[in-house]
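Below: one structure, written as structure tokens.
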2 protein chains.
Amino acid sequence: MGYLLGSLPAGSAPVDGRDVLYQVSTIDALLQGVYDGTASIETLARHGDFGLGCFDALDGEMLALDGVYYQLPVDGRVRVPPPDATVPFAAVTFFDPDMIVPLRSGMNLTGLEAAVDAAIPSKNYFSAVRVDGTFASVTVRSVPRQEKPYPPLTEVVAEEPVIFILENVSGTAVGFRSPAFTAGVNVPGYHLHFITDDRTAGGHILDLRIEEGTAAVDSTAAFFLELPSGEDFAGADLTLDQQEALKKVER
Amino acid sequence: MGYLLGSLPAGSAPVDGRDVLYQVSTIDALLQGVYDGTASIETLARHGDFGLGCFDALDGEMLALDGVYYQLPVDGRVRVPPPDATVPFAAVTFFDPDMIVPLRSGMNLTGLEAAVDAAIPSKNYFSAVRVDGTFASVTVRSVPRQEKPYPPLTEVVAEEPVIFILENVSGTAVGFRSPAFTAGVNVPGYHLHFITDDRTAGGHILDLRIEEGTAAVDSTAAFFLELPSGEDFAGADLTLDQQEALKKVER
């Protein structure tokens, strides 16, 4: 169980500019290969200091923490991208935690998710989740830059997997828990990226094992979705159920 | 085919405060019986002058047109509710049309939808749709006020149907076309309410037959979702696929 900080649980607080989950594009569009960057890091930073996504042409995973945006490419060299770098997909918010959830040593990703699930007041809101800790291991993935015509994300992940197993690291997992009813728009359940404390490695989390850590949770009832203006988004067939494809990509 | 007005097609315009579809709660929550009003008409009016929804305790359909909010209850007497009346579900925007689509005499609802579908630049954005015209008939439904514990919407619609067939009327259809990927959050495809020119009758459109009319369309790439803070929303099981239930309720 977690304990509440000063602020109110999800949905009870009046919505202000900070307490909004801001998302660019949809996860289904990303799965279909809509990789053209449309929103700049500069724009994202106006909507949040915390979050995740990926870069134009799928050139690495994105993670934002404490107001710094990071690019986590397949060469393993973490970079701070220029403000005009663009993303095809991202979800960000200003992270003001309203709950702390202690985590047990030995927990894997499923255990972490269950612990946060048990602590949040409802699964029908959006929750930003930040886990600071030391980890026996964190298995992360990144994605390589693609050329047009872009293949779907399932193909990229199946054919060009770039996976790092980080052992005995301290760092931070950054991401979101989204309600089941947002399937198609974003990832239902948990979507987490990772970066080490020394900012030298990270990626999309496939699994982890916690040594010691806590989860901070910032729940919100407000979601702002901005769809890309590009031809690739406008022309994509977004009528298909992509939940099976999503499972292949997320874990 | 439609013709473009001065502004740009969906997704090409920078998002401002007017070009956002603002929604309170989700259609799946409404289907499950989450009927407690949470947002006031006064609040909705700050987010739009055009849209649809229903009232607290399911006491009639809601329609907003040219900045006036109407309550369309089962007694057939259209009312203008006080600003502090509340809604459990609504979708509104400021209606600034960017396209006019001529409609043929004799078209039914399916024909109207096909005509607008053929005209809009992409089905992957949100489109506010306003049809002004004369109609050989418009079949509309309203919903009666419910007592707690609230039954699901499918039961209300199956057991207490209140349907009006309005013949030879002039009036306006008001509503939205939403992308398929928003299933669970709102109604994929078209959701339209109707009010007569003399503001004496209206409801949720089940079907219609056009004599003469045009559709004005305002597409937007921005969607702002605000979830209710109430216990009934927080506690609802929103993990189920409600698309079959939705079909029973919408047509």
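Residues in the structure tokens are named by chain (A, B, ... in the order shown) and by number from 1 within that chain; ligands are numbered from 1 in the order shown.
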Report task. Select from stretch 131-218 of chain A everything DSSP, run on the backbone, classes as helix (DSSP H, G or I), then give the selection as an MDAnalysis selection string. Result -> chainID A and resid 153:159 180:182
Report task. Please return as a PyMOL selection string: the residues of stretch 111-154 of chain A that backbone DSSP assigns to strand (DSSP E or B). Result -> chain A and resi 126-142
Query raised in the report: Can you tell me, as a ChimeraX atom specification, what residues are no more than 7 Å from B:Val143 when counting only C-alpha atoms, ignoring any on the same chain fewer than 2 positions away?
Result: /B:58-61,73-74,141,145,162
Kindly export the residues of the current selection with C-alpha atoms, as an mmCIF file, in the first residue's frame.
data_model
loop_
_atom_site.group_PDB
_atom_site.id
_atom_site.type_symbol
_atom_site.label_atom_id
_atom_site.label_comp_id
_atom_site.auth_asym_id
_atom_site.auth_seq_id
_atom_site.Cartn_x
_atom_site.Cartn_y
_atom_site.Cartn_z
ATOM 1 C CA LEU B 58 -29.684 10.688 -17.418
ATOM 2 C CA ASP B 59 -32.456 13.291 -17.360
ATOM 3 C CA GLY B 60 -32.639 13.922 -21.101
ATOM 4 C CA GLU B 61 -30.251 14.403 -23.984
ATOM 5 C CA PRO B 73 -36.073 15.400 -21.963
ATOM 6 C CA VAL B 74 -38.500 12.530 -22.480
ATOM 7 C CA ARG B 141 -34.673 9.250 -28.812
ATOM 8 C CA ARG B 145 -34.331 10.344 -15.430
ATOM 9 C CA VAL B 162 -38.854 7.127 -25.657
#
Report summary line: If you count only C-alpha atoms, the residue of A:Ala180, A:Val78, A:Leu208, A:Ala201 closest to B:Leu240 turns out to be A:Ala180
Report task. Return as a PyMOL selection string the residues belonging to chain B that are within 9 Å of chain A, counting only C-alpha atoms. Result -> chain B and resi 10-13+15+26+28+121-125+179-185+220-230+233-241
Give me the stretch 172-220 of chain B side of the contact with stretch 79-91 of chain B, cut-off 9 Å, one line per residue showing its nearest atom pair and distance in Å at one decimal, counting only C-alpha atoms, sorted by chain and residue number, as CSV.
residue,atom,partner,partner_atom,distance
B:Gly175,CA,B:Ala91,CA,8.4
B:Phe176,CA,B:Ala91,CA,8.4
B:Asn186,CA,B:Ala91,CA,8.9
B:Arg199,CA,B:Arg79,CA,8.7
B:Thr200,CA,B:Arg79,CA,8.6
**Report entry** Within 12 Å of B:Glu160 using only C-alpha atoms, minus same-chain residues under 2 positions, as a ChimeraX atom specification
**Finding:** /B:74,141-146,151,153-158,162-163,249
Query raised in the report: When you draw a straight line from atom CA of A:Ser178 to atom CA of A:Ala128, how long is it in Å?
Result: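 Separating atom CA of A:Ser178 from atom CA of A:Ala128 is a distance of 8.7 Å.
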